[in-house]
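my_file.txt, holding compact mmCIF, C-alpha atoms:
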# COMPACT_ATOMS: atom_id res chain seq x y z
CA MET A 29 -17.36 -20.18 19.72
CA PRO A 30 -15.89 -16.73 18.89
CA SER A 31 -17.45 -14.87 16.02
CA THR A 32 -15.47 -14.36 12.82
CA GLN A 33 -15.35 -10.62 13.48
CA THR A 34 -13.84 -11.21 16.92
CA SER A 35 -11.32 -13.67 15.47
CA VAL A 36 -10.27 -11.17 12.81
CA ALA A 37 -9.77 -8.51 15.49
CA ARG A 38 -7.47 -10.90 17.37
CA SER A 39 -5.50 -11.86 14.26
CA ALA A 40 -1.71 -11.59 14.41
CA PHE A 41 -1.79 -8.80 11.82
CA LEU A 42 -4.25 -6.56 13.65
CA LEU A 43 -2.64 -7.21 17.03
CA ALA A 44 0.74 -6.09 15.67
CA ALA A 45 -0.83 -3.07 13.96
CA ARG A 46 -2.25 -2.02 17.32
CA GLY A 47 1.05 -2.62 19.11
CA GLU A 48 -0.30 -5.60 21.05
CA PRO A 49 1.50 -8.94 21.53
CA GLY A 50 0.48 -11.76 19.22
CA PRO A 51 1.29 -15.39 18.48
CA HIS A 52 3.93 -14.56 15.87
CA THR A 53 5.21 -11.75 13.66
CA PRO A 54 2.57 -11.37 10.94
CA VAL A 55 3.55 -11.32 7.27
CA TRP A 56 2.02 -9.95 4.12
CA PHE A 57 3.62 -8.64 0.94
CA MET A 58 2.88 -5.52 -1.04
CA ARG A 59 1.85 -6.59 -4.56
CA GLN A 60 1.40 -10.13 -3.27
CA ALA A 61 -1.57 -10.41 -5.65
CA GLY A 62 0.01 -9.95 -9.02
CA ARG A 63 2.38 -10.94 -11.77
CA ALA A 64 4.62 -13.21 -9.69
CA LEU A 65 1.78 -15.75 -9.55
CA PRO A 66 1.14 -17.95 -12.60
CA GLU A 67 -2.50 -18.28 -11.55
CA TYR A 68 -2.78 -14.48 -11.68
CA ARG A 69 -1.27 -14.29 -15.16
CA ALA A 70 -3.67 -16.99 -16.33
CA ILE A 71 -6.81 -15.29 -15.00
CA ARG A 72 -5.74 -11.88 -16.36
CA GLU A 73 -5.02 -13.13 -19.89
CA GLY A 74 -6.68 -10.82 -22.41
CA ILE A 75 -8.09 -8.52 -19.70
CA THR A 76 -6.70 -5.06 -18.99
CA MET A 77 -5.57 -4.13 -15.49
CA LEU A 78 -8.31 -1.61 -14.81
CA GLU A 79 -10.98 -3.84 -16.33
CA SER A 80 -9.94 -6.64 -13.97
CA CYS A 81 -10.21 -4.22 -11.03
CA MET A 82 -13.81 -3.43 -11.94
CA ARG A 83 -14.96 -7.05 -12.02
CA PRO A 84 -15.79 -8.27 -8.50
CA ASP A 85 -15.38 -11.92 -9.49
CA LEU A 86 -11.81 -11.31 -10.63
CA VAL A 87 -10.99 -9.01 -7.71
CA VAL A 88 -12.10 -11.64 -5.22
CA GLU A 89 -10.19 -14.47 -6.88
CA ILE A 90 -6.99 -12.44 -7.38
CA THR A 91 -7.06 -11.12 -3.81
CA LEU A 92 -7.44 -14.66 -2.47
CA GLN A 93 -4.71 -16.25 -4.59
CA PRO A 94 -1.70 -15.21 -2.45
CA VAL A 95 -3.56 -15.98 0.78
CA ARG A 96 -4.03 -19.55 -0.40
CA ARG A 97 -0.52 -19.94 -1.77
CA TYR A 98 1.65 -18.09 0.74
CA GLY A 99 -0.32 -18.43 3.97
CA VAL A 100 0.06 -14.70 4.68
CA ASP A 101 -1.60 -13.10 7.70
CA ALA A 102 -3.57 -10.53 5.71
CA ALA A 103 -5.06 -10.08 2.26
CA VAL A 104 -4.64 -6.81 0.41
CA PHE A 105 -7.44 -5.63 -1.83
CA TYR A 106 -6.64 -6.02 -5.52
CA ALA A 107 -6.98 -2.62 -7.18
CA ASP A 108 -4.87 0.28 -8.41
CA ILE A 109 -4.39 3.75 -6.98
CA VAL A 110 -5.85 5.43 -10.10
CA LEU A 111 -8.96 3.22 -10.10
CA PRO A 112 -11.32 5.63 -8.30
CA LEU A 113 -10.38 8.42 -10.72
CA LYS A 114 -11.01 6.13 -13.68
CA ALA A 115 -14.36 5.17 -12.15
CA ALA A 116 -15.21 8.85 -11.77
CA GLY A 117 -14.70 9.43 -15.49
CA MET A 118 -11.07 10.48 -15.95
CA ASP A 119 -9.33 9.28 -19.10
CA ILE A 120 -6.63 7.10 -17.50
CA GLU A 121 -5.24 3.81 -18.69
CA ILE A 122 -2.56 1.50 -17.31
CA LYS A 123 -0.20 0.61 -20.13
CA PRO A 124 1.70 -2.67 -19.68
CA GLY A 125 5.34 -2.04 -18.91
CA VAL A 126 4.70 1.67 -18.37
CA GLY A 127 2.08 2.28 -15.67
CA PRO A 128 -0.76 4.80 -15.40
CA VAL A 129 -1.00 7.14 -18.40
CA VAL A 130 -3.25 10.21 -18.30
CA ALA A 131 -4.69 11.46 -21.60
CA ASP A 132 -4.98 15.10 -20.48
CA PRO A 133 -2.40 15.97 -17.80
CA ILE A 134 -3.40 18.63 -15.29
CA ARG A 135 -1.25 21.72 -15.72
CA ASP A 136 -3.68 24.56 -15.00
CA ALA A 137 -6.88 25.45 -13.18
CA ALA A 138 -9.00 24.32 -16.11
CA GLY A 139 -7.56 20.81 -15.81
CA LEU A 140 -8.57 20.64 -12.17
CA ALA A 141 -12.22 20.38 -13.20
CA ALA A 142 -11.57 16.83 -14.44
CA VAL A 143 -11.00 15.64 -10.85
CA ARG A 144 -14.54 15.27 -9.61
CA PRO A 145 -15.67 13.75 -6.31
CA VAL A 146 -15.90 9.96 -6.10
CA THR A 147 -19.17 8.54 -4.83
CA PRO A 148 -19.98 5.04 -3.57
CA ALA A 149 -22.06 4.54 -6.70
CA ASP A 150 -18.95 5.12 -8.84
CA VAL A 151 -17.20 2.20 -7.16
CA GLN A 152 -20.08 -0.16 -6.41
CA PHE A 153 -17.90 -2.94 -7.80
CA THR A 154 -15.47 -2.29 -4.93
CA THR A 155 -18.20 -2.56 -2.32
CA ASP A 156 -19.41 -5.81 -3.86
CA ALA A 157 -15.92 -7.29 -4.00
CA VAL A 158 -14.98 -6.32 -0.44
CA LYS A 159 -18.19 -7.76 1.02
CA GLN A 160 -17.63 -11.06 -0.76
CA LEU A 161 -13.96 -11.12 0.24
CA VAL A 162 -14.71 -10.58 3.91
CA THR A 163 -16.97 -13.63 3.78
CA GLU A 164 -14.44 -15.73 1.86
CA LEU A 165 -11.48 -14.72 4.04
CA GLY A 166 -13.10 -15.68 7.32
CA GLU A 167 -10.59 -14.95 10.08
CA THR A 168 -8.00 -13.38 7.74
CA PRO A 169 -8.16 -9.57 7.73
CA LEU A 170 -8.46 -7.56 4.53
CA ILE A 171 -6.35 -4.44 3.96
CA GLY A 172 -7.92 -1.70 1.89
CA PHE A 173 -5.78 0.96 0.27
CA ALA A 174 -5.63 4.18 -1.69
CA GLY A 175 -3.03 6.39 -3.29
CA ALA A 176 -1.88 9.39 -1.28
CA PRO A 177 -2.56 12.84 -2.76
CA PHE A 178 1.04 13.54 -3.80
CA THR A 179 1.63 10.25 -5.59
CA VAL A 180 -1.69 10.35 -7.44
CA ALA A 181 -1.14 14.01 -8.29
CA SER A 182 2.27 13.20 -9.74
CA TYR A 183 0.65 10.91 -12.31
CA LEU A 184 -2.01 13.48 -13.15
CA VAL A 185 0.48 16.31 -13.60
CA GLU A 186 3.26 14.38 -15.32
CA GLY A 187 0.85 12.45 -17.52
CA GLY A 188 2.44 9.16 -16.44
CA PRO A 189 5.31 7.76 -14.40
CA SER A 190 8.30 10.04 -13.79
CA LYS A 191 11.80 9.70 -12.38
CA ASP A 192 12.33 13.30 -11.33
CA PHE A 193 8.76 14.70 -10.98
CA ALA A 194 9.95 17.89 -12.65
CA LYS A 195 6.52 19.00 -13.85
CA THR A 196 4.93 18.16 -10.50
CA LYS A 197 7.49 20.14 -8.54
CA ALA A 198 7.31 23.01 -11.00
CA LEU A 199 3.55 23.24 -10.42
CA MET A 200 4.01 23.10 -6.64
CA TYR A 201 6.53 25.93 -6.68
CA SER A 202 4.99 28.12 -9.37
CA ASP A 203 1.32 27.83 -8.43
CA PRO A 204 0.94 26.71 -4.79
CA GLN A 205 -2.74 27.63 -4.79
CA LEU A 206 -3.49 25.27 -7.69
CA TRP A 207 -1.30 22.56 -6.17
CA HIS A 208 -3.10 22.67 -2.84
CA ALA A 209 -6.49 22.68 -4.58
CA LEU A 210 -5.51 19.58 -6.54
CA ALA A 211 -4.04 17.78 -3.53
CA ASP A 212 -7.06 18.65 -1.40
CA ARG A 213 -9.39 17.23 -4.02
CA LEU A 214 -7.30 14.05 -4.25
CA ALA A 215 -7.40 13.75 -0.46
CA ASP A 216 -11.19 13.72 -0.74
CA VAL A 217 -10.96 11.02 -3.42
CA ALA A 218 -8.78 8.89 -1.13
CA ILE A 219 -11.13 9.41 1.81
CA ALA A 220 -14.16 8.42 -0.24
CA TYR A 221 -12.49 5.32 -1.65
CA LEU A 222 -11.04 4.16 1.67
CA SER A 223 -14.39 4.76 3.39
CA VAL A 224 -16.14 2.52 0.87
CA GLN A 225 -13.66 -0.28 1.57
CA VAL A 226 -13.87 0.01 5.37
CA GLU A 227 -17.64 0.30 5.41
CA ALA A 228 -17.82 -2.87 3.31
CA GLY A 229 -15.62 -4.73 5.81
CA ALA A 230 -11.91 -3.99 5.34
CA SER A 231 -10.06 -4.32 8.66
CA ALA A 232 -7.18 -1.90 7.98
CA ILE A 233 -6.12 0.63 5.37
CA GLN A 234 -2.82 1.59 3.78
CA LEU A 235 -2.12 4.94 2.18
CA PHE A 236 0.53 4.58 -0.52
CA ASP A 237 2.68 7.66 -1.03
CA SER A 238 5.05 5.69 -3.20
CA TRP A 239 6.85 8.66 -4.75
CA ALA A 240 7.02 11.06 -1.80
CA GLY A 241 10.69 10.14 -1.41
CA GLY A 242 11.43 12.48 -4.31
CA LEU A 243 10.75 15.47 -2.03
CA SER A 244 12.85 17.27 0.54
CA PRO A 245 11.52 17.29 4.12
CA ARG A 246 10.76 21.00 3.82
CA ASP A 247 8.73 20.54 0.64
CA TYR A 248 6.99 17.47 2.03
CA GLU A 249 5.95 19.37 5.14
CA ARG A 250 4.67 22.33 3.12
CA PHE A 251 3.05 20.69 0.11
CA VAL A 252 2.17 17.12 1.10
CA GLN A 253 1.81 16.47 4.80
CA PRO A 254 -1.38 18.54 5.32
CA HIS A 255 -3.22 16.57 2.64
CA SER A 256 -2.12 13.14 3.84
CA ALA A 257 -3.04 14.24 7.38
CA LYS A 258 -6.52 15.13 6.13
CA VAL A 259 -6.95 11.55 4.90
CA PHE A 260 -5.76 9.97 8.14
CA GLU A 261 -7.87 12.29 10.25
CA ALA A 262 -10.98 11.49 8.24
CA MET A 263 -10.37 7.76 8.63
CA ALA A 264 -9.74 7.93 12.39
CA SER A 265 -13.40 7.53 13.31
CA TYR A 266 -13.52 4.05 11.76
CA GLY A 267 -11.09 2.74 14.36
CA VAL A 268 -9.12 0.56 11.93
CA PRO A 269 -5.30 0.62 11.78
CA ARG A 270 -3.96 3.16 9.30
CA ILE A 271 -0.66 2.33 7.57
CA HIS A 272 1.48 4.87 5.70
CA PHE A 273 4.10 3.78 3.18
CA GLY A 274 6.49 5.39 0.73
CA VAL A 275 9.70 4.50 -1.08
CA ASN A 276 13.02 6.21 -0.33
CA THR A 277 11.34 8.12 2.50
CA GLY A 278 13.99 7.63 5.19
CA GLU A 279 14.37 11.39 5.65
CA LEU A 280 10.58 11.79 5.83
CA LEU A 281 9.65 9.07 8.33
CA GLY A 282 9.09 11.49 11.19
CA LEU A 283 6.88 13.73 9.08
CA MET A 284 4.96 10.80 7.59
CA SER A 285 4.36 9.43 11.07
CA ALA A 286 3.20 12.85 12.27
CA ALA A 287 0.63 12.93 9.45
CA GLY A 288 -1.40 10.51 11.55
CA ALA A 289 -0.50 6.95 10.62
CA ASP A 290 -0.85 4.21 13.24
CA VAL A 291 1.74 2.03 11.47
CA VAL A 292 4.76 3.34 9.56
CA GLY A 293 5.85 1.39 6.49
CA VAL A 294 9.61 1.37 5.96
CA ASP A 295 11.51 0.54 2.78
CA TRP A 296 14.77 -1.44 2.87
CA ARG A 297 17.07 1.59 3.13
CA VAL A 298 16.51 2.28 6.84
CA PRO A 299 16.86 -0.36 9.59
CA LEU A 300 13.65 -0.78 11.54
CA ASP A 301 15.18 0.21 14.87
CA GLU A 302 16.44 3.43 13.31
CA ALA A 303 13.01 3.94 11.71
CA VAL A 304 11.44 3.74 15.17
CA ARG A 305 13.87 6.39 16.39
CA ARG A 306 12.85 8.69 13.53
CA ALA A 307 9.12 7.96 13.44
CA GLY A 308 8.46 7.52 17.14
CA PRO A 309 7.22 4.53 19.15
CA LYS A 310 4.70 3.21 16.66
CA PRO A 311 4.32 -0.20 15.03
CA VAL A 312 6.39 -0.56 11.88
CA GLN A 313 5.99 -2.55 8.69
CA GLY A 314 8.80 -3.91 6.54
CA ASN A 315 11.42 -4.21 5.29
CA LEU A 316 13.25 -6.98 3.37
CA ASP A 317 14.92 -5.73 0.19
CA PRO A 318 12.95 -7.26 -2.71
CA ALA A 319 16.23 -7.92 -4.52
CA LEU A 320 17.07 -10.52 -1.89
CA LEU A 321 14.29 -12.73 -3.25
CA PHE A 322 16.73 -13.61 -6.04
CA ALA A 323 19.80 -14.13 -3.85
CA GLY A 324 19.17 -17.62 -2.48
CA TRP A 325 18.02 -18.79 0.93
CA ASP A 326 21.49 -18.60 2.52
CA ALA A 327 21.38 -14.83 1.93
CA ILE A 328 17.70 -14.38 2.81
CA GLU A 329 17.59 -16.16 6.16
CA PRO A 330 20.11 -13.98 8.05
CA GLU A 331 18.42 -10.86 6.68
CA ILE A 332 15.07 -12.03 8.00
CA ASP A 333 16.66 -12.65 11.41
CA ARG A 334 18.19 -9.17 11.40
CA ILE A 335 14.90 -7.51 10.48
CA LEU A 336 12.98 -9.45 13.13
CA LEU A 337 15.52 -8.39 15.73
CA GLU A 338 15.41 -4.74 14.67
CA GLY A 339 11.61 -4.86 14.60
CA LYS A 340 11.61 -5.59 18.33
CA ALA A 341 12.40 -1.90 18.88
CA ALA A 342 8.80 -1.12 17.88
CA PRO A 343 5.66 -1.87 19.88
CA GLY A 344 4.54 -4.00 16.93
CA HIS A 345 6.15 -5.34 13.76
CA ILE A 346 4.48 -6.49 10.55
CA PHE A 347 6.98 -8.28 8.32
CA ASN A 348 6.88 -7.21 4.68
CA LEU A 349 9.17 -6.36 1.82
CA GLY A 350 10.57 -2.86 1.54
CA HIS A 351 8.56 -2.44 -1.66
CA GLY A 352 6.33 -4.60 -3.85
CA VAL A 353 6.90 -8.19 -4.95
CA PRO A 354 8.87 -8.10 -8.24
CA PRO A 355 7.00 -9.73 -11.14
CA THR A 356 9.77 -12.30 -11.70
CA ALA A 357 10.00 -13.43 -8.06
CA ASP A 358 9.68 -17.15 -7.31
CA PRO A 359 6.44 -17.73 -5.36
CA GLU A 360 8.07 -20.63 -3.51
CA VAL A 361 10.59 -18.23 -1.97
CA LEU A 362 7.78 -16.06 -0.63
CA THR A 363 6.00 -19.08 0.82
CA ARG A 364 9.23 -20.11 2.55
CA ILE A 365 9.67 -16.62 3.99
CA VAL A 366 6.19 -16.70 5.53
CA ARG A 367 6.79 -20.09 7.11
CA TYR A 368 10.20 -19.07 8.41
CA VAL A 369 8.97 -15.82 9.98
CA HIS A 370 6.10 -17.67 11.64
CA SER A 371 8.50 -20.30 12.97
CA LYS A 372 10.67 -17.65 14.63
CA ALA A 373 8.06 -16.53 17.13
CA GLY A 374 9.93 -15.68 20.30
CA HIS A 375 13.24 -17.11 19.06
CA VAL A 376 15.12 -14.12 17.64
CA SER A 377 17.81 -12.80 19.97
CA ALA A 378 20.82 -10.52 19.77

Would you mind writing the file out in structure tokens?
Amino acid sequence: MPSTQTSVARSAFLLAARGEPGPHTPVWFMRQAGRALPEYRAIREGITMLESCMRPDLVVEITLQPVRRYGVDAAVFYADIVLPLKAAGMDIEIKPGVGPVVADPIRDAAGLAAVRPVTPADVQFTTDAVKQLVTELGETPLIGFAGAPFTVASYLVEGGPSKDFAKTKALMYSDPQLWHALADRLADVAIAYLSVQVEAGASAIQLFDSWAGGLSPRDYERFVQPHSAKVFEAMASYGVPRIHFGVNTGELLGLMSAAGADVVGVDWRVPLDEAVRRAGPKPVQGNLDPALLFAGWDAIEPEIDRILLEGKAAPGHIFNLGHGVPPTADPEVLTRIVRYVHSKAGHVSA
């Protein structure tokens, strides 16, 4: 009888992430644990986002909810990219309908002092939750994640979400030394937080650089890539697949791939076969437009077929949305997508 650890290693998700053939195209969804599920809304009632992330009992239950409902091939750890900073003492809150809000934005060298190293003791609740999840999940792998230095820095500098990242870019251009010091420190935060998750049993990690698409390739290469590369290099020794994802990053795919990811996440704007041409012969993840979840099955099915066909250009393909599950999505549609993708094993042709 194979051990659970061996079975996880041979799961469809991890096989695809390593570029090895598997029984079917694996599926998971970014933000699969969240507001689209009524059971999530019920368990979160009266509890703030960050508080729920610090309670192992809630983290375990919320992480498991979409695995039970959708039948996805991987669980993704329920947390938020600002959580390790909050745990390390920064004054950050997640305001409903807004996102992360920072009480004292970082605009100068004095502000940098607020970003202190994250230790395992700071996030003991994460270790506890991951260990319990690995037991509960059995043969289903768990994906750990962290925010990439640029995206986390953008919240710290802007003070909250931004559409144009004007303050962040102004800091990059006007004070490169401070920018690199901040990004380097945030790379260390990501490394520490990802290491905690992997050491507790996570089978893969994803680095979210959600807002890197707001940069030109030249600025990405100068100000961002070295810090993301530091994270990926530090995680290499663990031997788990490393996924890199950003939104509107079509022009950056080659650079993001070169930062050291094993799997390149692709949003819906670039076909997967073109993404492989830009990023190189690596496994890809993606990339159904989340808006299609509201368009009806007659519109969804041919798009799934197209994506599966384009994904064959890569050595491995993990089916996902091109961004997170919208909060008003119908869970039944997501369940149907998982079943349909699994049913298409070996049947998609030109």

Seminar exercise, completed: Restricting to only C-alpha atoms, whichever of A:Ala373, A:Ile90, A:Leu140, A:Val129 is closest to Ser190 in chain A is A:Val129

For this session: Find the residues around Pro49 in chain A up to 10 Å (all atoms listed in the file counted), leave out those fewer than 2 positions away in its own chain, and share them as an MDAnalysis selection string.
Result: chainID A and resid 40 43:47 51:53 343:345

For this session: With a distance cut-off of 7 Å and all atoms listed in the file, select the neighbouring residues of Leu170 in chain A, excluding the residue or stretch itself and same-chain residues fewer than 5 positions from it, and output the selection as a list in words.
Result: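 Here the qualifying residues turn out to be Ala102, Ala103, Val104, Phe105, Val162, Ala230, Ser231 and Ala232 of chain A.
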
Exercise. Quick one: of A:Met263, A:Leu86, A:Val294, A:Val268, who's nearest to Tyr68 in chain A, counting only C-alpha atoms?
Worked result: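 When distances to Tyr68 in chain A are compared using only C-alpha atoms, the smallest one comes from A:Leu86.
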
Problem set entry | Pairwise distance for CA of Met82 in chain A and CA of Asp156 in chain A, rounded to one decimal in Å |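 Between CA of Met82 in chain A and CA of Asp156 in chain A the gap is 10.1 Å.
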
Exercise. For Ser35 in chain A, which residue among A:Glu279, A:Asp119, A:Glu227, A:Glu167 is the nearest when counting all atoms listed in the file?
Worked result: A:Glu167

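CA of Glu302 in chain A sits 22.1 Å away from CA of Ala327 in chain A.
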
Exercise. What is the CA of Asp333 in chain A to CA of Tyr368 in chain A distance in Å?
Worked result: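 So the two atoms, CA of Asp333 in chain A and CA of Tyr368 in chain A, lie 9.6 Å apart.
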
For this session: Would you please work out which residue, of A:Leu165, A:Leu92, A:Ile122, A:Met58, is nearest to Phe236 in chain A when using only C-alpha atoms?
Result: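 Nearest candidate to Phe236 in chain A out of A:Leu165, A:Leu92, A:Ile122, A:Met58: A:Met58.
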
Seminar exercise, completed: If you count all atoms listed in the file, the residue of A:Ala257, A:Val151, A:Val292, A:Ala64 closest to Gly274 in chain A turns out to be A:Val292

Problem set entry | Within 10 Å of Gly175 in chain A using all atoms listed in the file, minus same-chain residues under 5 positions, as a PyMOL selection string | chain A and resi 108-112+180-181+214-215+217-218+221-222+234-238+256+273

Exercise. Could you pull the residues within 10 Å of range 311-318 of chain A, counting all atoms listed in the file, minus those fewer than 5 positions along the same chain, as JSON, numbers by chain?
Worked result: {"A": [44, 45, 46, 47, 48, 54, 55, 56, 57, 58, 271, 272, 273, 289, 290, 291, 292, 293, 294, 295, 296, 297, 298, 299, 300, 301, 303, 304, 323, 328, 331, 332, 334, 335, 336, 339, 340, 341, 342, 343, 344, 345, 346, 347, 348, 349, 350, 351, 352, 353, 354, 357]}

Exercise. Which of these residues is nearest to Tyr248 in chain A, using all atoms listed in the file: A:Pro84, A:Gly62, A:Pro177, A:Pro189?
Worked result: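 The answer is A:Pro177, which sits nearest to Tyr248 in chain A.
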
For this session: Write out as a ChimeraX atom specification the residues lying within 7 Å of Pro94 in chain A, counting only C-alpha atoms and excluding same-chain residues fewer than 3 positions away.
Result: /A:60-61,91,97-98

Mind filling out range 116-125 of chain A with all heavy atoms and sending it as a compact mmCIF listing (two decimals), in the frame of the given file?
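Output below, filename out_14.txt:
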# COMPACT_ATOMS: atom_id res chain seq x y z
N ALA A 116 -14.51 7.56 -11.79
CA ALA A 116 -15.21 8.85 -11.77
C ALA A 116 -15.15 9.56 -13.12
O ALA A 116 -15.58 10.71 -13.23
CB ALA A 116 -14.61 9.75 -10.69
N GLY A 117 -14.61 8.90 -14.14
CA GLY A 117 -14.70 9.43 -15.49
C GLY A 117 -13.43 10.00 -16.09
O GLY A 117 -13.46 10.47 -17.23
N MET A 118 -12.30 9.97 -15.37
CA MET A 118 -11.07 10.48 -15.95
C MET A 118 -10.53 9.52 -17.01
O MET A 118 -10.67 8.30 -16.90
CB MET A 118 -10.01 10.70 -14.87
CG MET A 118 -10.29 11.89 -13.97
SD MET A 118 -8.82 12.45 -13.06
CE MET A 118 -7.90 13.24 -14.39
N ASP A 119 -9.89 10.07 -18.01
CA ASP A 119 -9.33 9.28 -19.10
C ASP A 119 -7.92 8.81 -18.69
O ASP A 119 -6.92 9.47 -18.96
CB ASP A 119 -9.27 10.11 -20.39
CG ASP A 119 -8.94 9.26 -21.61
OD1 ASP A 119 -8.57 8.08 -21.42
OD2 ASP A 119 -9.02 9.78 -22.73
N ILE A 120 -7.88 7.68 -17.99
CA ILE A 120 -6.63 7.10 -17.50
C ILE A 120 -6.59 5.64 -17.92
O ILE A 120 -7.58 4.93 -17.82
CB ILE A 120 -6.53 7.17 -15.95
CG1 ILE A 120 -6.63 8.61 -15.47
CG2 ILE A 120 -5.24 6.53 -15.46
CD1 ILE A 120 -6.65 8.73 -13.95
N GLU A 121 -5.45 5.21 -18.38
CA GLU A 121 -5.24 3.81 -18.69
C GLU A 121 -3.93 3.35 -18.04
O GLU A 121 -3.05 4.17 -17.77
CB GLU A 121 -5.15 3.57 -20.20
CG GLU A 121 -6.42 3.96 -20.97
CD GLU A 121 -7.64 3.15 -20.56
OE1 GLU A 121 -7.48 2.02 -20.06
OE2 GLU A 121 -8.77 3.65 -20.73
N ILE A 122 -3.82 2.07 -17.80
CA ILE A 122 -2.56 1.50 -17.31
C ILE A 122 -1.95 0.73 -18.46
O ILE A 122 -2.47 -0.32 -18.89
CB ILE A 122 -2.78 0.60 -16.09
CG1 ILE A 122 -3.36 1.42 -14.94
CG2 ILE A 122 -1.47 -0.07 -15.67
CD1 ILE A 122 -3.63 0.63 -13.69
N LYS A 123 -0.86 1.25 -18.99
CA LYS A 123 -0.20 0.61 -20.13
C LYS A 123 0.82 -0.40 -19.62
O LYS A 123 1.66 -0.08 -18.78
CB LYS A 123 0.49 1.67 -21.00
CG LYS A 123 -0.49 2.59 -21.70
CD LYS A 123 0.18 3.44 -22.75
CE LYS A 123 -0.84 4.29 -23.52
NZ LYS A 123 -0.21 5.13 -24.56
N PRO A 124 0.75 -1.64 -20.12
CA PRO A 124 1.70 -2.67 -19.68
C PRO A 124 3.15 -2.22 -19.86
O PRO A 124 3.51 -1.68 -20.90
CB PRO A 124 1.37 -3.86 -20.60
CG PRO A 124 -0.06 -3.65 -20.99
CD PRO A 124 -0.22 -2.16 -21.10
N GLY A 125 3.93 -2.42 -18.85
CA GLY A 125 5.34 -2.04 -18.91
C GLY A 125 5.61 -0.57 -18.70
O GLY A 125 6.76 -0.14 -18.65
